[in-house]
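Okay, so here's the structure we're looking at.
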Amino acid sequence: MRISPPLAGEELTRRLETTFDVEFTFHKVGHLVAILAPLERDTQDFILDLVDRIASTNIQISYEFTRRVVEALDRLDRRVIEAWAVHAMDTYDQVGLRPALEVLFKVDDFLTHAHARAAGAFFHEVQPVLSSFLCGLSGRRLDLKEGEQVYTDSERLFLPNVMALMESEADNFLLCKAQVTFMWAQTRFGSARVDFAGVLSRYPDPDQALAAFQALDSLRLDICLARELPGLWRDMQGLSRRHGDAAIPAGWLSFTAVLNRDPAVPETALALLDTAYVLEPPAARVYQARLNPPAIAAAREARLERETILLRVKLAKLAEEQRRKAPAAPPDPSEERRTPPPAQFEAKPEGLGWELTLDDQPIAPPEDVKQLLTSIALDWGEIPPEMLVAAGDGEYDAARYEVKEKDPNEVWQGTYHLEGAHLYPEWDFARQHYRKNWCVLREIDLEPGDPAYVAEVIAKHQGLVKHLRRTFEAMRDESKLLKRQPQGDDVDIDALVEALADARDGREMSEQLFMQRHRADRNLAVMFMVDMSGSTKGWINDAERESLIMLCESLETLGDRYAIHGFSGTTRKRCEIYRIKTFDQAYDAGVKARIAGIVPREYTRMGVAIRHLAKRLNEVEAKTKLLITLSDGKPDDYFDSYRGQYGIEDTRQALFEARRSGIHPFCITIDREGKAYLPHMYGHANWVEIDEVRKLPLKVADIYRRLTS
Amino acid sequence: MESIQSPTEAHFITQEPYYEPVGNEVTLFEAAYANRLPVLLKGPTGCGKTRFMEYMAWRLKRPLITVSCHDDLTTSDLVGRYLVKGGETTWVDGPLTRAVRAGGICYLDEIVEARKDTMVVIHPLADDRRMMPIEKLGQLLEASPDFCLAISYNPGYQSVLKELKQSTRQRFVALSFDYPKPELEARIIRHETGLDEAATAKLLKLAEMTRNLKGNGLEEGASTRLLVHAGKLIAQGVEARAACQGAVALALTDDEDLIAAVNELIAALF
Ligand SMILES: Nc1ncnc2c1ncn2[C@@H]1O[C@H](COP(=O)(O)OP(=O)(O)O)[C@@H](O)[C@H]1O
Ligand SMILES: [Mg+2]
């Protein structure tokens, strides 16, 4: 292998001056050149590549990186260096220049955290698995959230951004799992229903009392976990050993005999508190989350009223239904005027759920009632009978207590925030890395337009619509007739004639003489993604809408499932998807009015729209999935780098991701000038350019056939 | 020549199948049978419908013909067809026709999976005509008085296209099946697998956990069938975690995060 000679000072100066844009930034590169010049070519290349990639994000960061990288190279291998650079860029994305520079100034901090980075369990990685895990454990529905400390408020469980207390990645995951389970046990086995304020105030030192209770309660929960989840319990003991947790002092261990009698309720621990109060509490084991009485009290207070009212209102509905079902009792004249007393239910835990009875008649409780019963029982230890009384007419306005879905339009008003939004990464080609959680996307219903528009377009293009329908009808039927089958619904005349001729000539007669109608249901789903950016204003927007109508008419003929969404937005923080037709909706007047309402809006951030709609499309079960974009083919966004190559590369990457997930992306570009980069984004076979609607049917039917047969 | 065996088993069941009645389904079925009414078994997969049919066939001493429906199943697959062999054409009865002639019980499993055109033959058999048109033969076959039609469907499958039509549904006596209550399910598992009480209890716990996930990522929780499968593996000596991962987690979903979550639940229990 030939080793290239190192780059000389002059060349290095030229490269760095370009990268750092010194004409405008006035950065001095002399000392950097001096650092880089003695290095081998291979190392120089490694550094310069990173320097360029970082500079594409921010020159200042790149400059500071260059100053430090050689020294760092003595100690760190290249993988870590690259991670360090990417971390600086991510920090810049998320919190800005200052903190990003801090990352570079404090290499050592990065190194301490490098362990976390290498072996830690990251919240965003453990969350999907542990959330489902948590949901599988019975009890109140609990949310897993990221937080500073590990604790639960009895509705939410908090885990840190990264857990790195243990040596190995596997153990760090296990620790998260153990902590989640322990916090679940705190709600499931009643720690969270203790009246902390009342209990602790009875002791001279409430903090000491809390510590003592925490220790007792942890012993109790350990017993519960050993019984309920013996597999995990074993794993937890191993974890605790590997973490080096101290053994539980004998004095404390002696409590276990008492706790063992009835470990599932907190009263068992509370009964021992006086004795335990005077002892030195043992250190918590690594998975034992601290109790947070104020957080628990706050959540509980809000919950108690809400759930009582919701339950009683829902019971009133159930009672009403029951009354309608039951045969009317013979009227008792003495009671004629009086309103019947409110229905009193009874509830008993049973197997997985609850057995609910009204006047000794069993009633199957719906899912939401079951959840409420479970949650209330966790707060009270049982269901107080007064909560099982159906609410009277107009006693409460339950709507106030239902958890409402936020209207995305409302969320936009006021300050920018993330509630109800979807976050997506974006591909930064210069960085050769994704920018995490870069785009904030929301789905919004599109305002309907002129209800007569669709009919007008169909009238205007009558011939075209007919033609399209015929083409698609033919397509629907053609894929279905299989010839020369050994069995089938019709005789295949051609095959029969041949077979008879064969028989006459003394040859063996074929047995494949039938035609089989292959009537397999078409198993296809199409997502249309319509560019609603400002650049489509004028004839392109008209052509988009008209093409869309033609396509809908055709797809209705085929009976295929399809959905339509528009996209536009301004900047990465406001990407919008407009719902025009979902897969479940019929092609009705509402959809038609919304198609008419497709108007040019703001900018085109294609990548995030593709990522979101591909996700939606993948929620549908279908053998073939098409994502068809109608656009003028110019990905660009407001005043930011999405214009030009950045946007093209991100779009290409998003399409690549879609393809990898099993989707066929396809682009119908409406424009009068050819675009060289379209094949680069979509691949040669997967886009067509049309400059008027008349050309659409020929091309689309052809492509459609190719993709679906 | 290609074989044309349909997924059909026709036989008299001579040994009493093990079946634990869950409610009054046995009496109901017998009453429907006595009145020559068709029966609809409704319920999630793996909760004992097939076993119940075997048991009823044994009780009523009729042959049972089971057809597992799938989306390529045509009317001809049920009714029968002409075959050509060496220049000769011969008619071969389909499973439904055989049951109609022989007075057997025809059980069409997962009927919503079948193609819609099969309903054409099901309708006249299901209503009080009890006739089956065989178009190809130009015949209208009258069902034997002993014939019984039973179909099953799983209301959990939310397929827009495939909902059972009201007009079909109303012809049937419906029996609703669900996972048995815990004690009963434990009895079934122990009988089917020979596991001890403790191991059975853990399988039931696992079932409960996965059923909590229904609607939260899983379409269905673990069925009795999956528990029986896992139990049989364990009884064979397969390590419990591995047995459940194979027989339950992977059978429930393809979603990686969910498989991981169910595996964590398994690891927590065993
Ligand atoms: N009530 C029951 N009595 C006996 N075994 C049952 C019962 N319910 C379920 N099983 C067990 O579950 C398994 C699956 O049941 P199966 O009848 O195949 O379900 P389905 O037809 O509803 O999909 C059976 O093989 C049997 O082991
Ligand atoms: Mg079955």
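Order determines the names: the first chain of the structure tokens is A, the second B, and so forth; residues in each chain are numbered 1 upward, and ligands are numbered 1 upward as they are shown.
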**Report entry** Nearby residues, ligand 1, 6 Å, only C-alpha atoms and all ligand atoms, as a ChimeraX atom specification
**Finding:** /B:18-22,45-51,188,192,224-225,228
Residues of chain B no more than 7 Å from chain A, counting only C-alpha atoms: send them over as a tab-separated table (two decimals) with N, CA and C atoms, in the first residue's frame.
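Contents of part_9.tsv, as written:
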chain	number	residue	atom	x	y	z
B	71	ASP	N	-57.84	-16.28	2.65
B	71	ASP	CA	-58.35	-15.31	1.67
B	71	ASP	C	-58.31	-15.81	0.23
B	72	ASP	N	-57.84	-16.99	0.00
B	72	ASP	CA	-57.91	-17.54	-1.35
B	72	ASP	C	-58.99	-18.61	-1.46
B	83	LEU	N	-62.59	-32.20	-12.24
B	83	LEU	CA	-61.17	-32.38	-12.51
B	83	LEU	C	-61.04	-33.17	-13.80
B	84	VAL	N	-59.97	-32.93	-14.51
B	84	VAL	CA	-59.72	-33.65	-15.76
B	84	VAL	C	-58.58	-34.61	-15.52
B	85	LYS	N	-58.81	-35.84	-15.88
B	85	LYS	CA	-57.74	-36.81	-15.67
B	85	LYS	C	-57.74	-37.74	-16.88
B	86	GLY	N	-56.66	-37.71	-17.65
B	86	GLY	CA	-56.56	-38.58	-18.82
B	86	GLY	C	-57.74	-38.44	-19.76
B	87	GLY	N	-58.20	-37.19	-19.96
B	87	GLY	CA	-59.28	-37.00	-20.92
B	87	GLY	C	-60.66	-37.16	-20.31
B	182	PRO	N	-59.64	-17.50	35.43
B	182	PRO	CA	-58.35	-18.02	35.87
B	182	PRO	C	-58.36	-19.47	36.38
B	208	GLU	N	-52.06	-12.79	32.01
B	208	GLU	CA	-52.67	-11.55	32.50
B	208	GLU	C	-51.86	-10.33	32.04
B	209	MET	N	-50.55	-10.43	32.15
B	209	MET	CA	-49.69	-9.31	31.76
B	209	MET	C	-49.85	-8.99	30.28
B	210	THR	N	-49.83	-10.02	29.45
B	210	THR	CA	-49.95	-9.73	28.02
B	210	THR	C	-51.35	-9.23	27.70
B	212	ASN	N	-53.04	-7.32	29.61
B	212	ASN	CA	-53.00	-5.89	29.94
B	212	ASN	C	-52.48	-5.06	28.78
B	213	LEU	N	-51.70	-5.69	27.93
B	213	LEU	CA	-51.09	-4.96	26.81
B	213	LEU	C	-52.01	-4.89	25.60
B	257	ASP	N	-39.85	-3.70	19.90
B	257	ASP	CA	-39.95	-3.16	21.25
B	257	ASP	C	-40.92	-3.98	22.09
B	258	LEU	N	-42.01	-4.39	21.47
B	258	LEU	CA	-43.00	-5.16	22.23
B	258	LEU	C	-42.50	-6.56	22.54
B	260	ALA	N	-39.48	-7.24	23.02
B	260	ALA	CA	-38.54	-7.02	24.12
B	260	ALA	C	-39.30	-6.83	25.43
B	261	ALA	N	-40.39	-6.06	25.40
B	261	ALA	CA	-41.15	-5.82	26.62
B	261	ALA	C	-41.75	-7.12	27.15
B	262	VAL	N	-42.33	-7.93	26.27
B	262	VAL	CA	-42.91	-9.20	26.73
B	262	VAL	C	-41.80	-10.10	27.27
B	264	GLU	N	-39.15	-9.11	28.75
B	264	GLU	CA	-38.82	-8.61	30.09
B	264	GLU	C	-39.85	-9.06	31.11
B	265	LEU	N	-41.10	-9.09	30.70
B	265	LEU	CA	-42.14	-9.57	31.62
B	265	LEU	C	-41.90	-11.05	31.94
B	267	ALA	N	-39.06	-12.59	31.84
B	267	ALA	CA	-37.88	-12.69	32.70
B	267	ALA	C	-38.20	-12.27	34.13
B	268	ALA	N	-39.17	-11.38	34.29
B	268	ALA	CA	-39.53	-10.96	35.64
B	268	ALA	C	-40.26	-12.08	36.39
B	269	LEU	N	-40.97	-12.91	35.64
B	269	LEU	CA	-41.78	-13.95	36.30
B	269	LEU	C	-41.00	-15.23	36.57
B	270	PHE	N	-40.18	-15.63	35.60
B	270	PHE	CA	-39.56	-16.96	35.70
B	270	PHE	C	-38.10	-16.88	36.16
**Report entry** Shortest interatomic distance to Gly597 of chain A - which of A:Leu446, A:Ala347, A:Met89, A:Ala676, counting only C-alpha atoms
**Finding:**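 Under the stated criterion, the closest residue is A:Leu446.
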Query raised in the report: Which one of B:Ala57, B:Ala34, B:Leu108, B:Ala99 sits closest to ligand 2 if you count only C-alpha atoms and all ligand atoms?
Result: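 Comparing B:Ala57, B:Ala34, B:Leu108, B:Ala99 against ligand 2, the winner is B:Leu108.
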Report task. Find the residues near Ala150 of chain B: any atom within 7 Å, counting only C-alpha atoms, skip ones fewer than 4 places away on the same chain, and give them as a count of residues only. Result -> 6
Query raised in the report: Quick one: residues within 12 Å of Gly43 of chain B, only C-alpha atoms counted, chain neighbours fewer than 5 positions away excluded, as a PyMOL selection string?
Result: chain B and resi 48-50+109-110+151-157+174-180+220+223
**Report entry** Long-range neighbours of Val620 of chain A as a list in words, 10 Å cut-off, only C-alpha atoms, 2 positions minimum in chain
**Finding:**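 Close residues of Val620 of chain A: Leu524, Ala525, Val526, Arg561, Phe583, Lys615, Arg616, Leu617, Asn618, Ala622, Lys623 and Lys625 of chain A.
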Query raised in the report: Of the residues B:Met119, B:Ala207, B:Val67, B:Ala143, which is the one nearest to ligand 2, using only C-alpha atoms and all ligand atoms?
Result: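 Checking each candidate against ligand 2, we get B:Val67 as the closest.
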Requested in this report: Please provide as a ChimeraX atom specification all residues within 7 Å of segment 234-241 of chain B, with the sequence filter that same-chain residues fewer than 4 positions apart are discarded (counting only C-alpha atoms).
Outcome: /B:193-195,230,245,266-267,270
Using only all heavy atoms, please write the residues we just selected to a file, as an mmCIF file, in the first residue's frame.
data_model
loop_
_atom_site.group_PDB
_atom_site.id
_atom_site.type_symbol
_atom_site.label_atom_id
_atom_site.label_comp_id
_atom_site.auth_asym_id
_atom_site.auth_seq_id
_atom_site.Cartn_x
_atom_site.Cartn_y
_atom_site.Cartn_z
ATOM 1 N N THR B 193 -50.963 -29.964 29.865
ATOM 2 C CA THR B 193 -49.505 -29.966 29.881
ATOM 3 C C THR B 193 -48.915 -30.849 30.986
ATOM 4 O O THR B 193 -47.760 -31.231 30.896
ATOM 5 C CB THR B 193 -48.956 -28.550 30.124
ATOM 6 O OG1 THR B 193 -49.379 -28.132 31.426
ATOM 7 C CG2 THR B 193 -49.477 -27.578 29.088
ATOM 8 N N GLY B 194 -49.691 -31.106 32.025
ATOM 9 C CA GLY B 194 -49.148 -31.861 33.154
ATOM 10 C C GLY B 194 -48.255 -31.031 34.054
ATOM 11 O O GLY B 194 -47.545 -31.583 34.898
ATOM 12 N N LEU B 195 -48.255 -29.716 33.893
ATOM 13 C CA LEU B 195 -47.423 -28.872 34.767
ATOM 14 C C LEU B 195 -47.990 -28.836 36.178
ATOM 15 O O LEU B 195 -49.176 -29.080 36.390
ATOM 16 C CB LEU B 195 -47.378 -27.448 34.230
ATOM 17 C CG LEU B 195 -46.485 -27.168 33.031
ATOM 18 C CD1 LEU B 195 -46.489 -25.679 32.745
ATOM 19 C CD2 LEU B 195 -45.063 -27.662 33.279
ATOM 20 N N ALA B 230 -46.652 -23.071 25.500
ATOM 21 C CA ALA B 230 -45.504 -22.783 26.363
ATOM 22 C C ALA B 230 -45.394 -23.851 27.441
ATOM 23 O O ALA B 230 -44.296 -24.361 27.728
ATOM 24 C CB ALA B 230 -45.654 -21.395 26.983
ATOM 25 N N GLN B 245 -40.577 -17.281 25.739
ATOM 26 C CA GLN B 245 -40.172 -16.352 24.691
ATOM 27 C C GLN B 245 -40.544 -16.903 23.328
ATOM 28 O O GLN B 245 -41.050 -16.198 22.467
ATOM 29 C CB GLN B 245 -38.674 -16.062 24.784
ATOM 30 C CG GLN B 245 -38.379 -15.129 25.951
ATOM 31 C CD GLN B 245 -36.908 -14.994 26.280
ATOM 32 O OE1 GLN B 245 -36.064 -15.558 25.598
ATOM 33 N NE2 GLN B 245 -36.614 -14.256 27.320
ATOM 34 N N ILE B 266 -41.559 -11.797 30.916
ATOM 35 C CA ILE B 266 -41.276 -13.222 31.123
ATOM 36 C C ILE B 266 -40.110 -13.383 32.092
ATOM 37 O O ILE B 266 -40.172 -14.162 33.054
ATOM 38 C CB ILE B 266 -40.959 -13.897 29.770
ATOM 39 C CG1 ILE B 266 -42.218 -13.939 28.900
ATOM 40 C CG2 ILE B 266 -40.406 -15.299 29.987
ATOM 41 C CD1 ILE B 266 -41.952 -14.306 27.458
ATOM 42 N N ALA B 267 -39.057 -12.590 31.845
ATOM 43 C CA ALA B 267 -37.877 -12.694 32.695
ATOM 44 C C ALA B 267 -38.196 -12.273 34.130
ATOM 45 O O ALA B 267 -37.554 -12.725 35.078
ATOM 46 C CB ALA B 267 -36.746 -11.838 32.131
ATOM 47 N N PHE B 270 -40.175 -15.634 35.599
ATOM 48 C CA PHE B 270 -39.557 -16.960 35.702
ATOM 49 C C PHE B 270 -38.098 -16.883 36.156
ATOM 50 O O PHE B 270 -37.402 -15.964 35.793
ATOM 51 C CB PHE B 270 -39.621 -17.674 34.347
ATOM 52 C CG PHE B 270 -41.019 -18.062 33.981
ATOM 53 C CD1 PHE B 270 -41.779 -17.242 33.174
ATOM 54 C CD2 PHE B 270 -41.579 -19.230 34.455
ATOM 55 C CE1 PHE B 270 -43.080 -17.584 32.836
ATOM 56 C CE2 PHE B 270 -42.872 -19.577 34.115
ATOM 57 C CZ PHE B 270 -43.625 -18.754 33.315
#
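Between atom CA of Asp143 of chain A and atom CA of Asn216 of chain B the interatomic distance comes to 12.5 Å.
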Alpha helix (DSSP H) per DSSP on the backbone: members of segment 122-162 of chain B, as an mmCIF file with N, CA and C atoms, in the first residue's frame:
data_model
loop_
_atom_site.group_PDB
_atom_site.id
_atom_site.type_symbol
_atom_site.label_atom_id
_atom_site.label_comp_id
_atom_site.auth_asym_id
_atom_site.auth_seq_id
_atom_site.Cartn_x
_atom_site.Cartn_y
_atom_site.Cartn_z
ATOM 1 N N ILE B 122 -73.371 -20.161 1.486
ATOM 2 C CA ILE B 122 -73.624 -20.276 2.924
ATOM 3 C C ILE B 122 -75.045 -19.833 3.268
ATOM 4 N N HIS B 123 -75.492 -18.781 2.615
ATOM 5 C CA HIS B 123 -76.828 -18.263 2.909
ATOM 6 C C HIS B 123 -77.934 -19.316 2.825
ATOM 7 N N PRO B 124 -78.130 -19.953 1.660
ATOM 8 C CA PRO B 124 -79.265 -20.889 1.571
ATOM 9 C C PRO B 124 -79.113 -22.090 2.504
ATOM 10 N N LEU B 125 -77.867 -22.387 2.903
ATOM 11 C CA LEU B 125 -77.684 -23.490 3.854
ATOM 12 C C LEU B 125 -78.030 -23.057 5.263
ATOM 13 N N ALA B 126 -77.823 -21.769 5.514
ATOM 14 C CA ALA B 126 -77.985 -21.278 6.877
ATOM 15 C C ALA B 126 -79.442 -20.967 7.196
#
Report task. Measure the distance from atom CA of Glu576 of chain A to atom CA of Arg442 of chain A in Å and round it to one decimal. Result -> 5.1 Å
Report task. Do a neighbour search on Arg62 of chain B at 8 Å with only C-alpha atoms, toss out local chain neighbours closer than 4 positions, and write the hits as an MDAnalysis selection string. Result -> chainID B and resid 12:13 57:58 103:105 146
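Here the question is which of A:Tyr151, A:Phe429, A:Trp687, A:Phe567 gets nearest to Gln288 of chain A using only C-alpha atoms, and that residue is A:Tyr151.
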Requested in this report: Give me every strand (DSSP E) residue in segment 13-254 of chain B, going by DSSP on the backbone, as a ChimeraX atom specification.
Outcome: /B:39-42,64-68,80-85,88-93,105-109,131-134,139-142,148-153,173-176
